[in-house]
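**Student:** Can you keep this structure in mind? I'll have questions shortly.
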Amino acid sequence: MPLKITVIGTGYLGATHAAAMAELGFEVLGLDVVPEKIEMLTRGEVPMYEPGLEELLRKHVAGIEGSSGRLRFTMDFAEVAEFGDVHFVCVNTPQKHGEYACDMSYVDSAFGALAPHLKPGALVVGKSTVPVGSAERLAGLLPEGVELAWNPEFLREGFAVDDTLHPDRIVVGVRGERAEKLLREVYATPVAEGTPFVVTDYPTAELVKTSANSFLATKISFINAMAEVCEAAGGDVAKLAEAIGYDDRIGHKFLRAGIGFGGGCLPKDIRAFMARAGELGADQALTFLREIDSVNMRRRGAMVEMAREALGGGAFLGKRVAVLGAAFKPDSDDVRDSPALNVAGQIHLQGGQVTVYDPKGMENARRLFPTLGYADSALEAVRGADVVLHLTEWREFRELDPAELGAVAAERVILDGRNALDPVVWREAGWTYRAMGRPSA
Ligand code: UDX
């Protein structure tokens with residue numbers, strides 16, 4: 001009999017994991033405590049924009065014509081415990097309000113609600129990103145005969161489906177052989193396709209996730225620090241990144257300078273990691289992450305100053321600023337800690353008339369920043385603008401026609417906060433093109 005799997009929490013991580021498990025051939029029951037989410041998922045609708053996820057979901061959700069019927073959703077923890085052999089906990093661990101530490105309340109309530117119903121022999125698998133030491137504590141909340149494993153997830157938004165079905169590596173922190181055996185069964189397909197399967201203890205598995213994200217954040221802030229030096233010295237950070245990236249010990253990935261990292265993971269994960277290291281008496285080991293965070297936040301301010309300078313150096317009052325991009329990265333509608341919206345918000349607070357356009361993030365942006373101006377297209381955002389800021393590198397923006405935009409802008413000045421547009425094309429169309437960390441023409 002194939003294993004039966006449940007997934008608790010159906011956000012980015014859980015919805016994708018549940019659909020992927022059904023794709024791998026398992027019977028899956030997903031649980032969420034938000035009724036609207038369950039209703040949407042049951043209709044085969046995804047509550048966020050994630051390429052390929054809705055198709056995968058519709059391929060498996062029971063009741064949808066032509067589906068495998070292997071995927072269902074519920075709000076009932078007792079039903080989940082009764083149904084599953086392996087229970088994946090995929091709930092959110094956001095940053096605590098006003099603190100660096102991670103808010104474990106969703107994880108704690110998921111364990112609290114599930115534990116009393118579990119049958120001996122069940123395996124609970126934590127996937128959420130948690131402070132090191134959490135697995136040890138959570139294992140103590142489970143009844144006799146129920147094992148816990150920690151299996152961090154490395155998916156990127158925008159590539160969630162592919163990252164889940166074809167991960168770079170599978171990491172499982174386990175205590176007993178049985179947990180490892182069950183997880184080898186769950187992940188048999190990707191492992192057979194060559195995905196490395198790394199077995200560790202609990203703390204190492206938890207740390208793999210936070211250290212991987214810290215490394216990525218460090219790489220981005222490193223190149224952004226080089227951008228600051230390039231700006232001071234008249235160098236070109238894009239050329240610098242290209243050149244150092246040819247050393248394959250360094251590599252080209254995650255070396256795009258600009259307004260820095262945002263989203264629901266990297267910023268809060270490095271902060272929670274610092275907070276946890278402090279509790280463990282290892283704060284010195286991670287003081288560098290504070291610098292990584294400050295370089296990152298500084299770039300948002302630098303973008304605001306670049307815009308001010310482009311407008312003549314004075315106040316933003318009465319100036320029209322077009323902002324292309326609201327999501328924290330392309331191919332996502334996620335605006336959590338979005339550098340683009342942060343820059344737009346700062347300029348707005350200083351009196352600028354800001355008009356934002358994003359291909360998918362508008363609804364979330366409007367909800368979070370209702371006082372900003374919004375347009376339905378890039379062209380409409382740029383109409384009458386004194387300066388254009390390119391802040392999220394959607395393909396749609398790379399394919400814009402600079403001549404068409406130039407015809408409606410008040411001034412042909414574009415500032416590339418993502419180093420992703422082609423300077424030659426924009427300059428040839430009569431625009432003043434400037435990018436972070438690069439010399440003016
Ligand atoms: C990240 C990790 O990549 C993923 O492995 C983990 O599971 C969750 O956190 P995600 O938040 O989806 O994924 O986005 P990612 O692609 O890592 O980008 C994060 C931010 O860094 C974005 O704001 C992006 O614009 C920025 N970034 C990325 C840069 O500024 N420069 C780069 O070179 C790369």
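Ordering of the structure tokens sets the chain letters (A, B, ...); residue numbers start at 1 within each chain; ligands are numbered from 1 in the order shown.
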Show me which residues are within 7 Å of ligand 1 counting only C-alpha atoms and all ligand atoms, and format the list as a list in words.

**Tutor:**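 With only C-alpha atoms and all ligand atoms and a cut-off of 7 Å, ligand 1 is contacted by Glu153, Phe154, Leu155, Arg156, Glu157, Gly158, Asn213, Leu216, Ile220, Lys253, Phe254, Leu255, Arg256, Ala257, Gly258, Ile259, Gly260, Phe261, Gly262, Gly263, Gly264, Cys265, Leu266, Phe328, Lys329, Ser338 and Pro339 of chain A.
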
**Student:** Which polymer residues have any atom within 9 Å of an atom of range 295-304 of chain A, counting only C-alpha atoms, with same-chain residues fewer than 3 positions away left out, as a short mmCIF file (atom, residue, chain, number, x, y, z; two decimals) with C-alpha atoms, in the first residue's frame?

**Tutor:**
```
data_model
loop_
_atom_site.label_atom_id
_atom_site.label_comp_id
_atom_site.auth_asym_id
_atom_site.auth_seq_id
_atom_site.Cartn_x
_atom_site.Cartn_y
_atom_site.Cartn_z
CA ALA A 217 21.68 36.91 1.49
CA ILE A 220 23.55 39.55 -2.60
CA SER A 221 24.77 42.03 0.02
CA PHE A 222 28.37 41.36 -1.00
CA ASN A 224 25.61 45.39 -3.31
CA ALA A 225 28.52 46.46 -1.10
CA GLU A 228 28.58 51.08 -3.22
CA GLY A 258 20.38 46.44 -7.17
CA ILE A 259 17.89 47.39 -4.49
CA GLY A 260 18.53 44.14 -2.66
CA PHE A 261 16.64 41.19 -1.27
CA GLY A 262 13.15 41.12 0.18
CA ARG A 290 23.71 42.47 10.86
CA GLU A 291 26.02 44.07 8.29
CA ILE A 292 24.40 41.99 5.52
CA ALA A 307 15.72 59.29 -7.84
CA ARG A 308 16.04 62.58 -5.96
CA GLU A 309 19.26 63.37 -7.78
CA PRO A 339 12.21 46.51 -1.80
CA ALA A 340 10.22 48.00 -4.71
CA ASN A 342 9.61 50.21 0.22
CA VAL A 343 11.27 52.61 -2.24
CA ALA A 344 7.88 53.67 -3.65
CA GLN A 346 9.60 56.33 0.95
CA ILE A 347 9.22 58.62 -2.08
CA LEU A 389 12.09 53.56 -11.56
CA LEU A 415 16.71 54.36 -13.16
CA GLY A 417 17.16 49.35 -9.59
CA MET A 436 22.84 51.19 -9.34
#
```

**Student:** Within 12 Å of Pro152 in chain A, counting only C-alpha atoms, which residues qualify if same-chain residues fewer than 3 places away don't, as a count of residues only?

**Tutor:** 39

**Student:** Using only C-alpha atoms, which residues sit within 6 Å of range 92-106 of chain A once same-chain residues fewer than 2 positions away are excluded, as a PyMOL selection string?

**Tutor:** chain A and resi 108-109+268+271-272+275

**Student:** Quick one: pick out all alpha helix (DSSP H) residues within range 175-380 of chain A from a backbone DSSP run and write them as an NGL selection string.

**Tutor:** :A and (177-186 or 188-192 or 202-233 or 237-245 or 266-279 or 287-310 or 339-349 or 362-368 or 378-380)

**Student:** For C-alpha atoms, I'd like the residues from the last selection saved as a CSV table (one decimal), in the first residue's frame.

**Tutor:**
```csv
chain,number,residue,atom,x,y,z
A,177,GLU,CA,15.8,4.5,11.4
A,178,ARG,CA,12.1,4.2,10.8
A,179,ALA,CA,11.8,8.0,10.0
A,180,GLU,CA,14.6,7.8,7.5
A,181,LYS,CA,13.0,4.7,5.9
A,182,LEU,CA,9.6,6.3,5.5
A,183,LEU,CA,11.1,9.5,4.1
A,184,ARG,CA,13.2,7.5,1.6
A,185,GLU,CA,9.9,6.0,0.5
A,186,VAL,CA,8.3,9.4,0.1
A,188,ALA,CA,12.0,7.7,-3.9
A,189,THR,CA,11.3,9.3,-7.2
A,190,PRO,CA,13.5,12.4,-7.0
A,191,VAL,CA,16.2,10.3,-5.3
A,192,ALA,CA,16.0,7.8,-8.2
A,202,TYR,CA,17.7,17.6,14.1
A,203,PRO,CA,19.9,20.7,14.7
A,204,THR,CA,21.9,20.2,11.6
A,205,ALA,CA,18.8,19.9,9.4
A,206,GLU,CA,17.3,23.1,10.9
A,207,LEU,CA,20.6,24.9,10.4
A,208,VAL,CA,21.0,23.8,6.8
A,209,LYS,CA,18.0,25.9,5.9
A,210,THR,CA,19.0,29.0,7.8
A,211,SER,CA,22.6,28.9,6.8
A,212,ALA,CA,21.7,28.4,3.1
A,213,ASN,CA,19.5,31.4,3.2
A,214,SER,CA,22.2,33.4,5.1
A,215,PHE,CA,24.7,32.5,2.5
A,216,LEU,CA,22.4,33.7,-0.3
A,217,ALA,CA,21.7,36.9,1.5
A,218,THR,CA,25.4,37.4,2.0
A,219,LYS,CA,26.1,36.9,-1.7
A,220,ILE,CA,23.6,39.6,-2.6
A,221,SER,CA,24.8,42.0,0.0
A,222,PHE,CA,28.4,41.4,-1.0
A,223,ILE,CA,27.7,42.5,-4.6
A,224,ASN,CA,25.6,45.4,-3.3
A,225,ALA,CA,28.5,46.5,-1.1
A,226,MET,CA,30.7,46.3,-4.2
A,227,ALA,CA,28.1,48.5,-5.9
A,228,GLU,CA,28.6,51.1,-3.2
A,229,VAL,CA,32.3,51.0,-3.8
A,230,CYS,CA,31.9,51.1,-7.6
A,231,GLU,CA,29.6,54.2,-7.1
A,232,ALA,CA,32.3,55.9,-5.1
A,233,ALA,CA,35.2,54.9,-7.4
A,237,VAL,CA,29.4,46.5,-10.7
A,238,ALA,CA,27.7,44.6,-13.5
A,239,LYS,CA,31.1,44.1,-15.2
A,240,LEU,CA,32.7,43.3,-11.9
A,241,ALA,CA,30.1,40.6,-11.2
A,242,GLU,CA,30.5,39.1,-14.6
A,243,ALA,CA,34.2,39.0,-14.2
A,244,ILE,CA,34.4,37.5,-10.7
A,245,GLY,CA,31.6,35.1,-11.6
A,266,LEU,CA,15.7,36.0,3.4
A,267,PRO,CA,15.1,39.1,5.5
A,268,LYS,CA,13.3,37.4,8.4
A,269,ASP,CA,15.4,34.3,8.3
A,270,ILE,CA,18.7,36.1,8.8
A,271,ARG,CA,17.1,38.1,11.6
A,272,ALA,CA,15.7,35.1,13.3
A,273,PHE,CA,19.0,33.3,12.9
A,274,MET,CA,20.9,36.2,14.7
A,275,ALA,CA,18.3,36.2,17.5
A,276,ARG,CA,18.6,32.5,18.0
A,277,ALA,CA,22.4,32.6,17.9
A,278,GLY,CA,22.2,35.2,20.7
A,279,GLU,CA,20.0,32.9,22.8
A,287,THR,CA,27.3,39.6,13.8
A,288,PHE,CA,28.3,39.8,10.2
A,289,LEU,CA,24.6,39.1,9.3
A,290,ARG,CA,23.7,42.5,10.9
A,291,GLU,CA,26.0,44.1,8.3
A,292,ILE,CA,24.4,42.0,5.5
A,293,ASP,CA,21.0,43.3,6.6
A,294,SER,CA,22.2,46.9,6.8
A,295,VAL,CA,23.9,46.9,3.3
A,296,ASN,CA,20.6,45.5,2.1
A,297,MET,CA,18.4,48.1,3.7
A,298,ARG,CA,20.8,50.9,2.6
A,299,ARG,CA,20.3,50.1,-1.0
A,300,ARG,CA,16.7,51.0,-0.8
A,301,GLY,CA,17.7,54.4,0.6
A,302,ALA,CA,20.3,54.7,-2.2
A,303,MET,CA,17.6,54.2,-4.8
A,304,VAL,CA,15.5,56.9,-3.2
A,305,GLU,CA,18.5,59.3,-3.3
A,306,MET,CA,19.3,58.3,-6.9
A,307,ALA,CA,15.7,59.3,-7.8
A,308,ARG,CA,16.0,62.6,-6.0
A,309,GLU,CA,19.3,63.4,-7.8
A,310,ALA,CA,17.7,62.5,-11.1
A,339,PRO,CA,12.2,46.5,-1.8
A,340,ALA,CA,10.2,48.0,-4.7
A,341,LEU,CA,7.3,49.0,-2.5
A,342,ASN,CA,9.6,50.2,0.2
A,343,VAL,CA,11.3,52.6,-2.2
A,344,ALA,CA,7.9,53.7,-3.6
A,345,GLY,CA,6.6,54.2,-0.1
A,346,GLN,CA,9.6,56.3,0.9
A,347,ILE,CA,9.2,58.6,-2.1
A,348,HIS,CA,5.5,58.9,-1.5
A,349,LEU,CA,6.1,59.9,2.2
A,362,MET,CA,-1.2,45.0,-7.8
A,363,GLU,CA,-3.9,43.5,-5.6
A,364,ASN,CA,-1.5,42.7,-2.7
A,365,ALA,CA,0.3,46.1,-3.1
A,366,ARG,CA,-3.0,48.0,-3.0
A,367,ARG,CA,-3.9,46.2,0.2
A,368,LEU,CA,-0.6,47.0,1.9
A,378,ALA,CA,3.5,50.2,-17.6
A,379,LEU,CA,2.5,52.8,-20.2
A,380,GLU,CA,-0.1,54.3,-17.9
```

**Student:** Just the number, please: distance in Å from CA of Pro196 in chain A to CA of Leu165 in chain A, one decimal.

**Tutor:**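 We find that CA of Pro196 in chain A and CA of Leu165 in chain A lie 13.3 Å from each other.
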
**Student:** Report, in Å to a single decimal, how far apart CA of Trp150 in chain A and CA of Arg58 in chain A are.

**Tutor:**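 A separation of 28.6 Å between them.
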
**Student:** Which is closest to Arg72 in chain A among A:Pro47, A:Gly30, A:Gly52, A:Gly84, if we use only C-alpha atoms?

**Tutor:**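 Ranking A:Pro47, A:Gly30, A:Gly52, A:Gly84 by distance to Arg72 in chain A, first place goes to A:Gly30.
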
**Student:** Record the distance separating CA of His60 in chain A and CA of Ala22 in chain A, expressed in Å with one decimal.

**Tutor:**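 A separation of 6.4 Å between them.
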
**Student:** Val34 in chain A: which residues within 10 Å, counting only C-alpha atoms, same-chain residues fewer than 2 positions away excluded, as a list in words?

**Tutor:** Gly9, Thr10, Leu31, Asp32, Glu36, Lys37, Ile38, Glu39 and Met75 of chain A

**Student:** Could you take the residues named above and write them with N, CA and C atoms, as a PDB file, in the first residue's frame?

**Tutor:**
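Everything below was put into part19.pdb:
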```pdb
ATOM      1  N   GLY A   9      -1.093  23.173   6.667  1.00  0.00           N
ATOM      2  CA  GLY A   9      -0.707  24.515   6.232  1.00  0.00           C
ATOM      3  C   GLY A   9      -0.622  24.519   4.720  1.00  0.00           C
ATOM      4  N   THR A  10      -1.452  25.360   4.077  1.00  0.00           N
ATOM      5  CA  THR A  10      -1.477  25.308   2.601  1.00  0.00           C
ATOM      6  C   THR A  10      -1.127  26.661   1.990  1.00  0.00           C
ATOM      7  N   LEU A  31      -4.486  20.272   4.955  1.00  0.00           N
ATOM      8  CA  LEU A  31      -5.298  20.934   5.985  1.00  0.00           C
ATOM      9  C   LEU A  31      -4.898  22.394   6.123  1.00  0.00           C
ATOM     10  N   ASP A  32      -5.911  23.239   6.296  1.00  0.00           N
ATOM     11  CA  ASP A  32      -5.642  24.624   6.673  1.00  0.00           C
ATOM     12  C   ASP A  32      -6.731  25.061   7.638  1.00  0.00           C
ATOM     13  N   GLU A  36     -11.581  29.967   3.750  1.00  0.00           N
ATOM     14  CA  GLU A  36     -11.560  30.465   2.355  1.00  0.00           C
ATOM     15  C   GLU A  36     -10.489  29.742   1.540  1.00  0.00           C
ATOM     16  N   LYS A  37      -9.355  29.468   2.192  1.00  0.00           N
ATOM     17  CA  LYS A  37      -8.263  28.791   1.484  1.00  0.00           C
ATOM     18  C   LYS A  37      -8.696  27.388   1.079  1.00  0.00           C
ATOM     19  N   ILE A  38      -9.333  26.703   2.023  1.00  0.00           N
ATOM     20  CA  ILE A  38      -9.766  25.334   1.759  1.00  0.00           C
ATOM     21  C   ILE A  38     -10.805  25.313   0.634  1.00  0.00           C
ATOM     22  N   GLU A  39     -11.719  26.292   0.670  1.00  0.00           N
ATOM     23  CA  GLU A  39     -12.740  26.338  -0.397  1.00  0.00           C
ATOM     24  C   GLU A  39     -12.092  26.552  -1.756  1.00  0.00           C
ATOM     25  N   MET A  75     -10.406  20.794   7.131  1.00  0.00           N
ATOM     26  CA  MET A  75     -10.004  21.669   8.237  1.00  0.00           C
ATOM     27  C   MET A  75      -9.928  20.875   9.539  1.00  0.00           C
TER      28      MET A  75
END
```

**Student:** Apply DSSP to the structure's backbone, then extract all residues of range 325-418 of chain A labelled strand (DSSP E or B) and return them as a list in words.

**Tutor:** Gln353, Val354, Thr355, Val356, Tyr357, Gly373, Tyr374, Val387, Val388, Leu389, His390, Val413, Ile414, Leu415 and Asp416 of chain A

**Student:** Just C-alpha atoms for this one: save the residues we selected as a compact mmCIF listing (two decimals), in the first residue's frame.

**Tutor:**
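Contents of again-v1.txt, freshly written:
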```txt
# COMPACT_ATOMS: atom_id res chain seq x y z
CA GLN A 353 3.37 61.54 -6.69
CA VAL A 354 4.08 57.83 -7.12
CA THR A 355 2.30 55.60 -9.64
CA VAL A 356 3.03 51.87 -9.39
CA TYR A 357 2.45 49.13 -11.93
CA GLY A 373 -1.12 55.61 -6.93
CA TYR A 374 -1.62 52.62 -9.21
CA VAL A 387 11.39 59.84 -13.68
CA VAL A 388 10.82 56.09 -14.13
CA LEU A 389 12.09 53.56 -11.56
CA HIS A 390 12.52 49.94 -12.63
CA VAL A 413 14.90 59.33 -17.35
CA ILE A 414 14.94 55.70 -16.24
CA LEU A 415 16.71 54.36 -13.16
CA ASP A 416 17.29 50.63 -13.16
```
